[in-house]
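Structure below is input.cif: mmCIF, C-alpha atoms, pLDDT in the B column; chains and numbers go by the auth columns.
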data_upload
#
loop_
_atom_site.group_PDB
_atom_site.id
_atom_site.type_symbol
_atom_site.label_atom_id
_atom_site.label_comp_id
_atom_site.label_asym_id
_atom_site.label_seq_id
_atom_site.Cartn_x
_atom_site.Cartn_y
_atom_site.Cartn_z
_atom_site.B_iso_or_equiv
_atom_site.auth_seq_id
_atom_site.auth_asym_id
ATOM 1 C CA GLN A 1 -6.946 101.990 -30.562 72.00 1 A
ATOM 2 C CA VAL A 2 -7.340 104.244 -33.548 79.00 2 A
ATOM 3 C CA GLN A 3 -5.949 102.362 -36.492 91.00 3 A
ATOM 4 C CA PRO A 4 -7.120 101.942 -40.058 94.00 4 A
ATOM 5 C CA VAL A 5 -7.272 98.356 -41.307 95.00 5 A
ATOM 6 C CA GLU A 6 -6.230 97.573 -44.874 96.00 6 A
ATOM 7 C CA SER A 7 -7.050 94.520 -46.941 97.00 7 A
ATOM 8 C CA GLY A 8 -7.079 93.387 -50.551 98.00 8 A
ATOM 9 C CA GLY A 9 -3.412 93.020 -51.388 97.00 9 A
ATOM 10 C CA GLY A 10 -2.011 90.011 -53.174 98.00 10 A
ATOM 11 C CA LEU A 11 -0.161 88.673 -56.182 98.00 11 A
ATOM 12 C CA VAL A 12 -1.321 89.698 -59.633 98.00 12 A
ATOM 13 C CA GLN A 13 0.095 89.568 -63.138 98.00 13 A
ATOM 14 C CA ALA A 14 1.121 92.714 -64.945 98.00 14 A
ATOM 15 C CA GLY A 15 -1.901 94.304 -66.580 98.00 15 A
ATOM 16 C CA GLY A 16 -4.225 92.966 -63.923 98.00 16 A
ATOM 17 C CA SER A 17 -6.284 94.698 -61.260 98.00 17 A
ATOM 18 C CA LEU A 18 -6.657 94.750 -57.507 98.00 18 A
ATOM 19 C CA ARG A 19 -8.869 96.689 -55.140 98.00 19 A
ATOM 20 C CA LEU A 20 -7.544 97.671 -51.742 98.00 20 A
ATOM 21 C CA SER A 21 -9.871 98.523 -48.880 98.00 21 A
ATOM 22 C CA CYS A 22 -9.235 100.561 -45.770 97.00 22 A
ATOM 23 C CA VAL A 23 -11.704 100.624 -42.898 96.00 23 A
ATOM 24 C CA ILE A 24 -11.334 103.782 -40.820 94.00 24 A
ATOM 25 C CA PRO A 25 -12.578 104.085 -37.235 90.00 25 A
ATOM 26 C CA ARG A 26 -15.924 105.834 -37.483 86.00 26 A
ATOM 27 C CA GLY A 27 -14.963 108.552 -35.034 84.00 27 A
ATOM 28 C CA ILE A 28 -12.401 110.039 -37.378 84.00 28 A
ATOM 29 C CA PHE A 29 -13.605 108.917 -40.799 85.00 29 A
ATOM 30 C CA SER A 30 -15.837 111.867 -41.664 81.00 30 A
ATOM 31 C CA VAL A 31 -13.310 114.537 -40.727 81.00 31 A
ATOM 32 C CA SER A 32 -10.212 112.953 -42.170 86.00 32 A
ATOM 33 C CA VAL A 33 -8.153 113.228 -45.257 94.00 33 A
ATOM 34 C CA ILE A 34 -7.561 109.607 -46.208 96.00 34 A
ATOM 35 C CA ALA A 35 -4.524 108.662 -48.223 96.00 35 A
ATOM 36 C CA TRP A 36 -2.847 105.627 -49.675 98.00 36 A
ATOM 37 C CA TYR A 37 0.925 105.441 -49.551 98.00 37 A
ATOM 38 C CA ARG A 38 3.282 102.756 -50.754 98.00 38 A
ATOM 39 C CA GLN A 39 6.801 101.708 -49.992 98.00 39 A
ATOM 40 C CA ALA A 40 8.908 99.435 -52.136 96.00 40 A
ATOM 41 C CA PRO A 41 12.031 97.718 -50.783 92.00 41 A
ATOM 42 C CA GLY A 42 14.918 100.153 -50.574 94.00 42 A
ATOM 43 C CA LYS A 43 12.736 103.134 -51.426 96.00 43 A
ATOM 44 C CA GLU A 44 11.064 105.866 -49.451 97.00 44 A
ATOM 45 C CA ARG A 45 7.366 105.821 -48.723 97.00 45 A
ATOM 46 C CA GLU A 46 5.458 107.773 -51.366 97.00 46 A
ATOM 47 C CA LEU A 47 1.979 109.200 -51.616 97.00 47 A
ATOM 48 C CA VAL A 48 -0.172 107.341 -54.130 98.00 48 A
ATOM 49 C CA ALA A 49 -3.581 108.996 -53.791 98.00 49 A
ATOM 50 C CA ARG A 50 -5.710 110.879 -51.301 97.00 50 A
ATOM 51 C CA ILE A 51 -9.304 111.903 -50.825 95.00 51 A
ATOM 52 C CA ILE A 52 -10.841 114.532 -48.591 89.00 52 A
ATOM 53 C CA SER A 53 -14.234 114.468 -46.913 80.00 53 A
ATOM 54 C CA GLY A 54 -15.812 116.495 -49.720 82.00 54 A
ATOM 55 C CA GLY A 55 -14.684 113.958 -52.276 85.00 55 A
ATOM 56 C CA SER A 56 -11.830 115.811 -53.950 94.00 56 A
ATOM 57 C CA THR A 57 -8.948 113.581 -54.959 97.00 57 A
ATOM 58 C CA ASP A 58 -5.421 113.791 -56.186 95.00 58 A
ATOM 59 C CA TYR A 59 -2.914 111.240 -57.427 98.00 59 A
ATOM 60 C CA ALA A 60 0.756 110.664 -57.951 98.00 60 A
ATOM 61 C CA ASP A 61 1.683 111.147 -61.589 98.00 61 A
ATOM 62 C CA SER A 62 2.826 107.533 -61.810 97.00 62 A
ATOM 63 C CA VAL A 63 -0.691 106.203 -61.147 98.00 63 A
ATOM 64 C CA LYS A 64 -2.923 108.793 -62.812 98.00 64 A
ATOM 65 C CA GLY A 65 -5.375 107.164 -65.179 98.00 65 A
ATOM 66 C CA ARG A 66 -4.786 103.723 -63.663 98.00 66 A
ATOM 67 C CA PHE A 67 -5.728 104.055 -59.972 98.00 67 A
ATOM 68 C CA THR A 68 -8.931 105.413 -58.487 98.00 68 A
ATOM 69 C CA ILE A 69 -9.497 106.335 -54.853 98.00 69 A
ATOM 70 C CA SER A 70 -13.037 106.469 -53.517 96.00 70 A
ATOM 71 C CA ARG A 71 -14.866 106.445 -50.206 93.00 71 A
ATOM 72 C CA ASP A 72 -18.042 104.811 -48.955 93.00 72 A
ATOM 73 C CA ASN A 73 -19.283 106.940 -46.095 89.00 73 A
ATOM 74 C CA ALA A 74 -21.868 104.378 -45.009 93.00 74 A
ATOM 75 C CA LYS A 75 -19.129 101.805 -44.491 95.00 75 A
ATOM 76 C CA ASN A 76 -16.426 104.242 -43.324 93.00 76 A
ATOM 77 C CA THR A 77 -14.219 102.659 -45.932 95.00 77 A
ATOM 78 C CA VAL A 78 -11.851 104.015 -48.551 96.00 78 A
ATOM 79 C CA TYR A 79 -10.931 102.007 -51.623 98.00 79 A
ATOM 80 C CA LEU A 80 -8.051 102.076 -54.039 98.00 80 A
ATOM 81 C CA GLN A 81 -8.941 100.497 -57.361 98.00 81 A
ATOM 82 C CA MET A 82 -5.742 99.642 -59.188 98.00 82 A
ATOM 83 C CA ASN A 83 -5.913 98.775 -62.878 98.00 83 A
ATOM 84 C CA SER A 84 -3.258 98.096 -65.507 98.00 84 A
ATOM 85 C CA LEU A 85 -0.820 97.148 -62.790 98.00 85 A
ATOM 86 C CA LYS A 86 2.883 97.243 -63.541 97.00 86 A
ATOM 87 C CA SER A 87 5.832 95.556 -61.867 97.00 87 A
ATOM 88 C CA GLU A 88 6.889 98.935 -60.497 96.00 88 A
ATOM 89 C CA ASP A 89 3.635 99.072 -58.510 98.00 89 A
ATOM 90 C CA THR A 90 4.967 96.276 -56.323 98.00 90 A
ATOM 91 C CA ALA A 91 5.127 97.614 -52.765 98.00 91 A
ATOM 92 C CA ALA A 92 3.581 97.537 -49.335 98.00 92 A
ATOM 93 C CA TYR A 93 0.532 99.787 -49.434 98.00 93 A
ATOM 94 C CA TYR A 94 -0.503 101.754 -46.374 98.00 94 A
ATOM 95 C CA CYS A 95 -3.648 103.641 -45.535 97.00 95 A
ATOM 96 C CA ALA A 96 -3.380 106.800 -43.455 95.00 96 A
ATOM 97 C CA ALA A 97 -6.149 108.852 -41.896 94.00 97 A
ATOM 98 C CA SER A 98 -5.426 112.445 -41.005 92.00 98 A
ATOM 99 C CA PRO A 99 -8.163 114.174 -38.976 89.00 99 A
ATOM 100 C CA THR A 100 -6.021 117.249 -38.485 87.00 100 A
ATOM 101 C CA LYS A 101 -2.899 118.576 -40.125 86.00 101 A
ATOM 102 C CA GLY A 102 0.170 116.810 -38.846 87.00 102 A
ATOM 103 C CA LEU A 103 -1.708 113.932 -37.228 89.00 103 A
ATOM 104 C CA ASN A 104 -1.758 110.598 -39.062 90.00 104 A
ATOM 105 C CA TYR A 105 -3.135 107.246 -38.064 94.00 105 A
ATOM 106 C CA TRP A 106 -1.491 104.473 -40.039 95.00 106 A
ATOM 107 C CA GLY A 107 -2.677 101.016 -40.949 95.00 107 A
ATOM 108 C CA GLN A 108 -0.459 97.965 -40.808 96.00 108 A
ATOM 109 C CA GLY A 109 -0.065 97.753 -44.567 97.00 109 A
ATOM 110 C CA THR A 110 -0.971 95.243 -47.245 98.00 110 A
ATOM 111 C CA GLN A 111 1.450 93.779 -49.783 98.00 111 A
ATOM 112 C CA VAL A 112 0.888 94.135 -53.514 98.00 112 A
ATOM 113 C CA THR A 113 3.117 92.105 -55.796 98.00 113 A
ATOM 114 C CA VAL A 114 2.887 92.446 -59.567 98.00 114 A
ATOM 115 C CA SER A 115 4.597 89.759 -61.606 97.00 115 A
ATOM 116 C CA SER A 116 5.854 90.546 -65.077 89.00 116 A
#

Entire entry expressed as structure tokens:
Amino acid sequence: QVQPVESGGGLVQAGGSLRLSCVIPRGIFSVSVIAWYRQAPGKERELVARIISGGSTDYADSVKGRFTISRDNAKNTVYLQMNSLKSEDTAAYYCAASPTKGLNYWGQGTQVTVSS
């Protein structure tokens, strides 16, 4: 089964930090665009950040300057470092690997809760 596996979510106070990890099956890791999405209750899923195999990244405006996406090719893992967390960052965070346009493999999600 081709499925990314996320970890690292939890409960944190506003202003704190968390680092999410996403392990991608090795067979698709090197050729994929890897992205983090989030979905808060009652809201649509939104793109948070993504990274391509060459290392280029882009971010949602709401997280620029606070979140950093990176990849460790040796561990076929992508990270999302989240700093200066706000209550509005509370959501289920999902990792998605896209080896080709229109094809996404989704993880099961990890919950991030930021208390104010």

Near region 3-11 of chain A, within 9 Å and counting all atoms listed in the file, which residues show up once chain neighbours fewer than 2 positions away are dropped, as a PDB file with C-alpha atoms, keeping the file's coordinate frame?
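Saved to part24.pdb:
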ATOM      1  CA  GLN A   1      -6.946 101.990 -30.562  1.00 72.00           C
ATOM      2  CA  GLN A  13       0.095  89.568 -63.138  1.00 98.00           C
ATOM      3  CA  LEU A  18      -6.657  94.750 -57.507  1.00 98.00           C
ATOM      4  CA  ARG A  19      -8.869  96.689 -55.140  1.00 98.00           C
ATOM      5  CA  LEU A  20      -7.544  97.671 -51.742  1.00 98.00           C
ATOM      6  CA  SER A  21      -9.871  98.523 -48.880  1.00 98.00           C
ATOM      7  CA  CYS A  22      -9.235 100.561 -45.770  1.00 97.00           C
ATOM      8  CA  VAL A  23     -11.704 100.624 -42.898  1.00 96.00           C
ATOM      9  CA  ILE A  24     -11.334 103.782 -40.820  1.00 94.00           C
ATOM     10  CA  PRO A  25     -12.578 104.085 -37.235  1.00 90.00           C
ATOM     11  CA  ALA A  92       3.581  97.537 -49.335  1.00 98.00           C
ATOM     12  CA  TYR A  93       0.532  99.787 -49.434  1.00 98.00           C
ATOM     13  CA  TYR A  94      -0.503 101.754 -46.374  1.00 98.00           C
ATOM     14  CA  CYS A  95      -3.648 103.641 -45.535  1.00 97.00           C
ATOM     15  CA  ALA A  96      -3.380 106.800 -43.455  1.00 95.00           C
ATOM     16  CA  ALA A  97      -6.149 108.852 -41.896  1.00 94.00           C
ATOM     17  CA  TYR A 105      -3.135 107.246 -38.064  1.00 94.00           C
ATOM     18  CA  TRP A 106      -1.491 104.473 -40.039  1.00 95.00           C
ATOM     19  CA  GLY A 107      -2.677 101.016 -40.949  1.00 95.00           C
ATOM     20  CA  GLN A 108      -0.459  97.965 -40.808  1.00 96.00           C
ATOM     21  CA  GLY A 109      -0.065  97.753 -44.567  1.00 97.00           C
ATOM     22  CA  THR A 110      -0.971  95.243 -47.245  1.00 98.00           C
ATOM     23  CA  GLN A 111       1.450  93.779 -49.783  1.00 98.00           C
ATOM     24  CA  VAL A 112       0.888  94.135 -53.514  1.00 98.00           C
ATOM     25  CA  THR A 113       3.117  92.105 -55.796  1.00 98.00           C
ATOM     26  CA  VAL A 114       2.887  92.446 -59.567  1.00 98.00           C
ATOM     27  CA  SER A 115       4.597  89.759 -61.606  1.00 97.00           C
TER      28      SER A 115
END

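The environment of Gly65 (chain A) within 10 Å, counting all atoms listed in the file and disregarding residues fewer than 4 places along the same chain, consists of Tyr59, Asp61, Met82, Asn83 and Ser84 of chain A.
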
field: Residue nearest Ser70 (chain A) - candidates A:Ile34, A:Ile28, A:Leu85, A:Ala40, atoms counted: all atoms listed in the file
entry: A:Ile34

task: Return the single residue from A:Arg26, A:Asp58, A:Pro41, A:Val33 that is closest to Glu88 (chain A), with distances computed using all atoms listed in the file.
output: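 Comparing A:Arg26, A:Asp58, A:Pro41, A:Val33 against Glu88 (chain A), the winner is A:Pro41.
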
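Separating CA of Asn76 (chain A) from CA of Gly27 (chain A) is a distance of 9.5 Å.
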
field: Result set of the PyMOL selection byres ((chain A and resi 44-51) around 8) on the coordinates above, as a PyMOL selection string
entry: chain A and resi 33-40+42-43+52-53+55-60+63+68-71

- prompt: Looking at all atoms listed in the file, which of A:Asn73, A:Gln81, A:Ser62, A:Ser32 is the one that sits closest to Leu103 (chain A)?
  reply: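 Checking each candidate against Leu103 (chain A), we get A:Ser32 as the closest.
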
Two-atom distance - CA of Lys75 (chain A), CA of Val12 (chain A) (Å):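 Computed distance, CA of Lys75 (chain A) to CA of Val12 (chain A), equals 26.3 Å.
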
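Between CA of Asp72 (chain A) and CA of Ser30 (chain A) there is a distance of 10.4 Å.
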
Just need the box for region 71-89 of chain A, edges along x, y and z, holding every atom the file lists for it with 4 Å tacked onto each side, so centre and edge lengths in Å to one decimal, as lines of an AutoDock Vina configuration file.
center_x = -7.5
center_y = 101.2
center_z = -54.4
size_x = 36.8
size_y = 19.4
size_z = 30.2
